[in-house]
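To be precise, the following lines are structure_33.cif, and they hold mmCIF, N, CA and C atoms.
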```cif
data_entry
#
loop_
_atom_site.label_atom_id
_atom_site.label_comp_id
_atom_site.auth_asym_id
_atom_site.auth_seq_id
_atom_site.Cartn_x
_atom_site.Cartn_y
_atom_site.Cartn_z
N MET Z 1 21.19 -11.16 21.78
CA MET Z 1 21.02 -9.89 22.47
C MET Z 1 20.30 -8.92 21.55
N LYS Z 2 19.28 -8.23 22.07
CA LYS Z 2 18.51 -7.28 21.29
C LYS Z 2 19.31 -5.99 21.11
N PRO Z 3 19.11 -5.29 19.96
CA PRO Z 3 19.73 -3.98 19.80
C PRO Z 3 19.25 -3.03 20.89
N GLN Z 4 20.09 -2.10 21.29
CA GLN Z 4 19.77 -1.19 22.38
C GLN Z 4 19.73 0.26 21.90
N ARG Z 5 18.81 1.03 22.47
CA ARG Z 5 18.77 2.48 22.29
C ARG Z 5 19.77 3.08 23.25
N PRO Z 6 20.18 4.33 23.03
CA PRO Z 6 21.02 4.98 24.04
C PRO Z 6 20.30 4.95 25.39
N GLY Z 7 21.00 4.61 26.41
CA GLY Z 7 20.40 4.49 27.73
C GLY Z 7 19.99 3.07 28.07
N GLY Z 8 20.17 2.15 27.11
CA GLY Z 8 19.95 0.74 27.39
C GLY Z 8 18.57 0.19 27.12
N GLN Z 9 17.62 0.99 26.61
CA GLN Z 9 16.28 0.49 26.35
C GLN Z 9 16.30 -0.38 25.09
N ALA Z 10 15.73 -1.58 25.17
CA ALA Z 10 15.75 -2.52 24.05
C ALA Z 10 14.87 -2.03 22.90
N LEU Z 11 15.32 -2.25 21.68
CA LEU Z 11 14.53 -1.96 20.49
C LEU Z 11 13.72 -3.20 20.14
N GLU Z 12 12.45 -3.01 19.89
CA GLU Z 12 11.59 -4.13 19.49
C GLU Z 12 11.45 -4.13 17.98
N GLN Z 13 11.40 -5.30 17.40
CA GLN Z 13 11.18 -5.44 15.96
C GLN Z 13 9.82 -6.06 15.77
N PHE Z 14 9.11 -5.64 14.70
CA PHE Z 14 7.82 -6.23 14.40
C PHE Z 14 7.61 -6.22 12.90
N ALA Z 15 6.65 -7.00 12.45
CA ALA Z 15 6.34 -7.09 11.03
C ALA Z 15 4.84 -6.85 10.84
N LEU Z 16 4.49 -6.14 9.78
CA LEU Z 16 3.09 -5.96 9.43
C LEU Z 16 2.66 -7.15 8.60
N THR Z 17 1.58 -7.78 8.98
CA THR Z 17 1.09 -8.91 8.20
C THR Z 17 -0.40 -8.75 7.98
N ALA Z 18 -0.86 -9.25 6.84
CA ALA Z 18 -2.28 -9.25 6.55
C ALA Z 18 -2.91 -10.46 7.22
N PRO Z 19 -4.22 -10.44 7.42
CA PRO Z 19 -4.87 -11.61 8.00
C PRO Z 19 -4.60 -12.85 7.16
N GLU Z 20 -4.55 -14.01 7.83
CA GLU Z 20 -4.23 -15.25 7.13
C GLU Z 20 -5.21 -15.58 6.02
N GLU Z 21 -6.48 -15.19 6.18
CA GLU Z 21 -7.45 -15.51 5.14
C GLU Z 21 -7.26 -14.65 3.89
N HIS Z 22 -6.49 -13.59 3.99
CA HIS Z 22 -6.19 -12.72 2.85
C HIS Z 22 -4.70 -12.42 2.82
N PRO Z 23 -3.86 -13.39 2.50
CA PRO Z 23 -2.41 -13.13 2.50
C PRO Z 23 -2.04 -12.05 1.49
N PHE Z 24 -1.12 -11.21 1.87
CA PHE Z 24 -0.68 -10.09 1.03
C PHE Z 24 0.55 -10.51 0.25
N ARG Z 25 0.42 -10.65 -1.05
CA ARG Z 25 1.54 -11.04 -1.90
C ARG Z 25 2.14 -9.81 -2.56
N VAL Z 26 3.43 -9.69 -2.51
CA VAL Z 26 4.13 -8.60 -3.16
C VAL Z 26 4.83 -9.15 -4.39
N GLU Z 27 4.42 -8.68 -5.56
CA GLU Z 27 5.01 -9.13 -6.81
C GLU Z 27 6.14 -8.19 -7.26
N HIS Z 28 5.89 -6.91 -7.14
CA HIS Z 28 6.86 -5.91 -7.59
C HIS Z 28 6.91 -4.80 -6.56
N GLY Z 29 8.06 -4.23 -6.42
CA GLY Z 29 8.17 -3.15 -5.45
C GLY Z 29 9.47 -2.41 -5.62
N HIS Z 30 10.06 -2.04 -4.52
CA HIS Z 30 11.32 -1.30 -4.53
C HIS Z 30 12.48 -2.21 -4.90
N THR Z 31 13.51 -1.62 -5.48
CA THR Z 31 14.72 -2.39 -5.80
C THR Z 31 15.83 -2.13 -4.80
N GLY Z 32 15.60 -1.24 -3.85
CA GLY Z 32 16.57 -0.94 -2.79
C GLY Z 32 15.90 -1.07 -1.44
N PRO Z 33 16.66 -0.87 -0.38
CA PRO Z 33 16.10 -0.96 0.97
C PRO Z 33 15.00 0.08 1.20
N ILE Z 34 13.94 -0.34 1.88
CA ILE Z 34 12.86 0.58 2.25
C ILE Z 34 13.34 1.39 3.44
N THR Z 35 13.20 2.71 3.34
CA THR Z 35 13.73 3.61 4.37
C THR Z 35 12.66 4.22 5.26
N ALA Z 36 11.39 4.22 4.81
CA ALA Z 36 10.31 4.77 5.64
C ALA Z 36 8.96 4.24 5.17
N LEU Z 37 8.03 4.18 6.12
CA LEU Z 37 6.65 3.77 5.86
C LEU Z 37 5.72 4.79 6.49
N ALA Z 38 4.55 4.98 5.88
CA ALA Z 38 3.51 5.85 6.46
C ALA Z 38 2.16 5.29 6.06
N MET Z 39 1.26 5.14 7.04
CA MET Z 39 -0.10 4.67 6.79
C MET Z 39 -1.03 5.87 6.74
N ASN Z 40 -2.00 5.84 5.81
CA ASN Z 40 -2.94 6.95 5.76
C ASN Z 40 -3.93 6.85 6.91
N SER Z 41 -4.71 7.91 7.12
CA SER Z 41 -5.58 7.97 8.30
C SER Z 41 -6.75 6.99 8.21
N ASP Z 42 -7.09 6.53 7.01
CA ASP Z 42 -8.15 5.53 6.85
C ASP Z 42 -7.65 4.11 7.09
N GLY Z 43 -6.34 3.93 7.11
CA GLY Z 43 -5.77 2.62 7.33
C GLY Z 43 -5.82 1.69 6.14
N ASP Z 44 -6.09 2.23 4.94
CA ASP Z 44 -6.18 1.36 3.78
C ASP Z 44 -5.03 1.54 2.79
N ARG Z 45 -4.23 2.56 2.96
CA ARG Z 45 -3.09 2.78 2.07
C ARG Z 45 -1.82 2.90 2.89
N LEU Z 46 -0.79 2.21 2.43
CA LEU Z 46 0.53 2.26 3.05
C LEU Z 46 1.50 2.84 2.04
N ALA Z 47 2.16 3.92 2.40
CA ALA Z 47 3.18 4.52 1.52
C ALA Z 47 4.54 4.00 1.96
N SER Z 48 5.43 3.80 0.99
CA SER Z 48 6.80 3.38 1.29
C SER Z 48 7.75 4.17 0.41
N CYS Z 49 8.94 4.43 0.95
CA CYS Z 49 9.98 5.06 0.14
C CYS Z 49 11.26 4.26 0.32
N SER Z 50 12.18 4.46 -0.61
CA SER Z 50 13.34 3.58 -0.65
C SER Z 50 14.60 4.33 -1.03
N ALA Z 51 15.72 3.68 -0.71
CA ALA Z 51 17.02 4.20 -1.14
C ALA Z 51 17.14 4.18 -2.66
N ASP Z 52 16.26 3.43 -3.35
CA ASP Z 52 16.28 3.42 -4.81
C ASP Z 52 15.63 4.67 -5.41
N SER Z 53 15.20 5.60 -4.56
CA SER Z 53 14.62 6.91 -4.88
C SER Z 53 13.13 6.86 -5.21
N THR Z 54 12.49 5.69 -5.11
CA THR Z 54 11.08 5.60 -5.46
C THR Z 54 10.16 5.74 -4.25
N VAL Z 55 8.95 6.22 -4.54
CA VAL Z 55 7.89 6.33 -3.55
C VAL Z 55 6.71 5.54 -4.09
N ARG Z 56 6.20 4.61 -3.28
CA ARG Z 56 5.11 3.74 -3.72
C ARG Z 56 3.95 3.80 -2.74
N LEU Z 57 2.76 3.54 -3.27
CA LEU Z 57 1.55 3.50 -2.47
C LEU Z 57 0.93 2.11 -2.64
N TRP Z 58 0.68 1.46 -1.51
CA TRP Z 58 0.16 0.09 -1.49
C TRP Z 58 -1.28 0.12 -1.01
N ASP Z 59 -2.17 -0.58 -1.71
CA ASP Z 59 -3.57 -0.69 -1.31
C ASP Z 59 -3.68 -1.86 -0.34
N TRP Z 60 -3.70 -1.56 0.94
CA TRP Z 60 -3.62 -2.57 1.98
C TRP Z 60 -4.88 -3.42 2.05
N ARG Z 61 -6.04 -2.80 1.88
CA ARG Z 61 -7.30 -3.54 2.03
C ARG Z 61 -7.62 -4.41 0.82
N ARG Z 62 -7.48 -3.87 -0.39
CA ARG Z 62 -7.78 -4.66 -1.59
C ARG Z 62 -6.62 -5.54 -2.00
N GLN Z 63 -5.44 -5.28 -1.45
CA GLN Z 63 -4.24 -6.07 -1.69
C GLN Z 63 -3.93 -6.21 -3.18
N VAL Z 64 -3.79 -5.05 -3.82
CA VAL Z 64 -3.41 -5.02 -5.23
C VAL Z 64 -1.98 -4.50 -5.34
N GLU Z 65 -1.40 -4.62 -6.53
CA GLU Z 65 -0.03 -4.17 -6.76
C GLU Z 65 0.17 -2.72 -6.32
N SER Z 66 1.38 -2.40 -5.95
CA SER Z 66 1.69 -1.04 -5.54
C SER Z 66 1.65 -0.10 -6.74
N THR Z 67 1.43 1.16 -6.44
CA THR Z 67 1.43 2.21 -7.46
C THR Z 67 2.67 3.06 -7.25
N LEU Z 68 3.41 3.31 -8.32
CA LEU Z 68 4.56 4.20 -8.23
C LEU Z 68 4.03 5.63 -8.18
N VAL Z 69 4.21 6.29 -7.04
CA VAL Z 69 3.77 7.67 -6.88
C VAL Z 69 4.74 8.59 -7.59
N GLY Z 70 6.03 8.35 -7.41
CA GLY Z 70 7.03 9.20 -8.04
C GLY Z 70 8.43 8.76 -7.70
N ARG Z 71 9.36 9.55 -8.15
CA ARG Z 71 10.77 9.25 -7.98
C ARG Z 71 11.50 10.55 -7.65
N LEU Z 72 12.38 10.48 -6.65
CA LEU Z 72 13.23 11.62 -6.33
C LEU Z 72 14.53 11.51 -7.13
N ASN Z 73 15.32 12.56 -7.13
CA ASN Z 73 16.63 12.52 -7.79
C ASN Z 73 17.68 11.81 -6.94
N VAL Z 74 17.34 11.57 -5.69
CA VAL Z 74 18.25 10.92 -4.72
C VAL Z 74 17.45 9.93 -3.91
N GLY Z 75 18.11 9.19 -3.04
CA GLY Z 75 17.41 8.26 -2.16
C GLY Z 75 16.38 8.96 -1.31
N ALA Z 76 15.24 8.31 -1.12
CA ALA Z 76 14.16 8.85 -0.31
C ALA Z 76 14.35 8.38 1.13
N THR Z 77 14.12 9.27 2.09
CA THR Z 77 14.46 8.95 3.47
C THR Z 77 13.33 9.11 4.49
N ALA Z 78 12.26 9.82 4.17
CA ALA Z 78 11.21 10.07 5.16
C ALA Z 78 9.88 10.26 4.45
N LEU Z 79 8.78 9.90 5.14
CA LEU Z 79 7.44 10.00 4.56
C LEU Z 79 6.44 10.51 5.57
N ALA Z 80 5.39 11.16 5.07
CA ALA Z 80 4.22 11.51 5.87
C ALA Z 80 3.05 11.67 4.92
N ILE Z 81 1.87 11.29 5.39
CA ILE Z 81 0.64 11.48 4.62
C ILE Z 81 -0.24 12.43 5.40
N GLY Z 82 -0.77 13.46 4.74
CA GLY Z 82 -1.64 14.42 5.40
C GLY Z 82 -2.88 13.75 5.95
N LEU Z 83 -3.45 14.32 7.01
CA LEU Z 83 -4.60 13.71 7.67
C LEU Z 83 -5.81 13.60 6.77
N ASP Z 84 -5.89 14.45 5.73
CA ASP Z 84 -6.99 14.36 4.78
C ASP Z 84 -6.72 13.34 3.67
N ASN Z 85 -5.54 12.71 3.73
CA ASN Z 85 -5.10 11.70 2.75
C ASN Z 85 -4.92 12.25 1.34
N HIS Z 86 -4.79 13.56 1.20
CA HIS Z 86 -4.63 14.16 -0.12
C HIS Z 86 -3.19 14.45 -0.49
N VAL Z 87 -2.31 14.60 0.51
CA VAL Z 87 -0.92 14.98 0.24
C VAL Z 87 0.03 13.95 0.83
N LEU Z 88 1.00 13.55 0.03
CA LEU Z 88 2.07 12.68 0.50
C LEU Z 88 3.36 13.48 0.42
N ALA Z 89 4.08 13.58 1.53
CA ALA Z 89 5.35 14.29 1.59
C ALA Z 89 6.48 13.28 1.70
N CYS Z 90 7.55 13.51 0.94
CA CYS Z 90 8.70 12.62 0.99
C CYS Z 90 9.97 13.46 1.05
N GLY Z 91 10.84 13.14 2.00
CA GLY Z 91 12.12 13.82 2.13
C GLY Z 91 13.22 13.00 1.50
N GLY Z 92 14.27 13.70 1.05
CA GLY Z 92 15.36 13.02 0.38
C GLY Z 92 16.72 13.26 1.01
N MET Z 93 17.69 12.51 0.53
CA MET Z 93 19.06 12.61 1.01
C MET Z 93 19.70 13.96 0.69
N ASN Z 94 19.13 14.70 -0.26
CA ASN Z 94 19.70 15.98 -0.64
C ASN Z 94 19.06 17.16 0.09
N GLY Z 95 18.19 16.89 1.07
CA GLY Z 95 17.57 17.97 1.84
C GLY Z 95 16.31 18.52 1.23
N SER Z 96 15.82 17.95 0.14
CA SER Z 96 14.59 18.43 -0.47
C SER Z 96 13.39 17.63 0.02
N ILE Z 97 12.21 18.23 -0.11
CA ILE Z 97 10.95 17.58 0.23
C ILE Z 97 10.05 17.67 -0.99
N ALA Z 98 9.49 16.54 -1.41
CA ALA Z 98 8.55 16.51 -2.53
C ALA Z 98 7.15 16.32 -1.96
N LEU Z 99 6.20 17.10 -2.47
CA LEU Z 99 4.80 17.01 -2.06
C LEU Z 99 3.97 16.55 -3.24
N TRP Z 100 3.35 15.37 -3.12
CA TRP Z 100 2.50 14.85 -4.19
C TRP Z 100 1.04 15.01 -3.81
N ASN Z 101 0.21 15.42 -4.77
CA ASN Z 101 -1.23 15.48 -4.60
C ASN Z 101 -1.78 14.10 -4.95
N LEU Z 102 -2.22 13.34 -3.98
CA LEU Z 102 -2.69 11.98 -4.22
C LEU Z 102 -4.03 11.94 -4.93
N GLN Z 103 -4.71 13.09 -5.02
CA GLN Z 103 -5.97 13.16 -5.75
C GLN Z 103 -5.76 13.36 -7.25
N ASP Z 104 -4.54 13.75 -7.63
CA ASP Z 104 -4.20 13.99 -9.04
C ASP Z 104 -2.89 13.26 -9.35
N PRO Z 105 -2.98 11.96 -9.66
CA PRO Z 105 -1.76 11.14 -9.79
C PRO Z 105 -0.82 11.54 -10.94
N ILE Z 106 -1.29 12.32 -11.91
CA ILE Z 106 -0.38 12.71 -13.00
C ILE Z 106 0.28 14.06 -12.76
N ALA Z 107 -0.13 14.76 -11.70
CA ALA Z 107 0.46 16.07 -11.39
C ALA Z 107 1.90 15.91 -10.92
N GLU Z 108 2.74 16.84 -11.31
CA GLU Z 108 4.13 16.87 -10.86
C GLU Z 108 4.16 17.28 -9.39
N PRO Z 109 5.11 16.77 -8.62
CA PRO Z 109 5.18 17.15 -7.20
C PRO Z 109 5.69 18.58 -7.04
N ILE Z 110 5.34 19.18 -5.94
CA ILE Z 110 5.91 20.46 -5.53
C ILE Z 110 7.19 20.12 -4.78
N ILE Z 111 8.30 20.76 -5.15
CA ILE Z 111 9.58 20.48 -4.51
C ILE Z 111 9.96 21.65 -3.61
N LEU Z 112 10.26 21.35 -2.36
CA LEU Z 112 10.72 22.34 -1.39
C LEU Z 112 12.19 22.09 -1.13
N ASN Z 113 13.01 23.13 -1.28
CA ASN Z 113 14.45 23.01 -1.04
C ASN Z 113 14.85 23.92 0.11
N GLY Z 114 16.00 23.67 0.69
CA GLY Z 114 16.50 24.57 1.72
C GLY Z 114 17.30 23.90 2.81
N HIS Z 115 17.07 22.62 3.05
CA HIS Z 115 17.86 21.93 4.07
C HIS Z 115 19.22 21.56 3.49
N SER Z 116 20.23 21.51 4.34
CA SER Z 116 21.58 21.20 3.85
C SER Z 116 21.94 19.72 4.03
N GLY Z 117 21.10 18.96 4.69
CA GLY Z 117 21.38 17.53 4.91
C GLY Z 117 20.15 16.70 4.67
N TRP Z 118 20.25 15.44 4.99
CA TRP Z 118 19.14 14.50 4.81
C TRP Z 118 17.91 14.95 5.58
N ILE Z 119 16.74 14.65 5.03
CA ILE Z 119 15.49 14.80 5.77
C ILE Z 119 15.28 13.50 6.52
N CYS Z 120 15.27 13.57 7.85
CA CYS Z 120 15.19 12.35 8.67
C CYS Z 120 13.77 11.99 9.07
N SER Z 121 12.88 12.98 9.15
CA SER Z 121 11.49 12.66 9.50
C SER Z 121 10.60 13.80 9.02
N LEU Z 122 9.33 13.46 8.81
CA LEU Z 122 8.31 14.42 8.39
C LEU Z 122 7.04 14.13 9.15
N ALA Z 123 6.22 15.16 9.39
CA ALA Z 123 4.93 14.96 10.03
C ALA Z 123 4.02 16.11 9.64
N PHE Z 124 2.72 15.84 9.59
CA PHE Z 124 1.73 16.88 9.38
C PHE Z 124 1.09 17.19 10.73
N SER Z 125 0.72 18.44 10.93
CA SER Z 125 0.04 18.82 12.17
C SER Z 125 -1.41 18.38 12.11
N LEU Z 126 -2.09 18.41 13.22
CA LEU Z 126 -3.52 18.05 13.25
C LEU Z 126 -4.36 19.00 12.41
N LYS Z 127 -3.83 20.19 12.14
CA LYS Z 127 -4.54 21.15 11.30
C LYS Z 127 -4.18 21.00 9.82
N GLY Z 128 -3.30 20.05 9.51
CA GLY Z 128 -2.99 19.75 8.11
C GLY Z 128 -1.67 20.32 7.62
N GLY Z 129 -1.02 21.22 8.36
CA GLY Z 129 0.26 21.78 7.93
C GLY Z 129 1.42 20.86 8.27
N MET Z 130 2.58 21.13 7.64
CA MET Z 130 3.76 20.32 7.94
C MET Z 130 4.54 20.92 9.07
#
```

Is it possible to give me this structure as structure tokens?
Amino acid sequence: MKPQRPGGQALEQFALTAPEEHPFRVEHGHTGPITALAMNSDGDRLASCSADSTVRLWDWRRQVESTLVGRLNVGATALAIGLDNHVLACGGMNGSIALWNLQDPIAEPIILNGHSGWICSLAFSLKGGM
């Protein structure tokens, strides 16, 4: 029996796979469960966050090892990538949101505080704002 949404609608499960001629091998990654995924607007980078508090960026087209974008002080729970592919936002279990500038990988993230519970989802508007 498939899992059900409230109201009885079945939940579908799917997996992202690379074309067979270019299998995607994962050598290193998160050490805890992945809690969110976000694809950039070009379709070549996949961001992932995990309960292990890490945020990683995967090069989907070239299929190279993931890059550690950063680490939160708590488990990471939500992701969004800006439409210009310059900003990655990640929400945490402590109600904070970290904003990383993907054009400057050594820059420290901007931290936004104020929520009293977990960040469950994030999105950027079509105009680029959150």

- Answer key for the PyMOL selection byres (((chain Z and resi 46-51 and name CA) around 6) and name CA), residues as a count of residues only: 18

- Item | Selection result of the PyMOL selection byres ((chain Z and resi 111-128) around 6) on this file, as a ChimeraX atom specification | /Z:77-80,82-83,91-99,109-110,129-130

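Interatomic distance, CA of Arg62 in chain Z to CA of Pro105 in chain Z: 18.8 Å.
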
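Between CA of Val74 in chain Z and atom N of Trp60 in chain Z there is a distance of 25.9 Å.
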
Find the axis-aligned box for range 99-116 of chain Z, covering all its listed atoms and adding 4 Å on each side, and write its centre and edge lengths in Å to one decimal as JSON.
```
{"center_x": 8.0, "center_y": 17.9, "center_z": -4.3, "size_x": 35.9, "size_y": 21.4, "size_z": 25.3}
```

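Candidate residues Z:Gly70, Z:Asp84, Z:His30, Z:Gln63 were compared for distance to Asp42 in chain Z, and the nearest is Z:Asp84, using only N, CA and C atoms.
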
- Residue list (strand (DSSP E), DSSP) for range 44-105 of chain Z, as number ranges by chain: Z: 45-50, 54-59, 64-71, 76-81, 87-92, 97-101

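Distances from Z:Arg61, Z:Leu68, Z:Val87, Z:Asn40 to Asp104 in chain Z were compared using only C-alpha atoms, and the smallest one belongs to Z:Val87.
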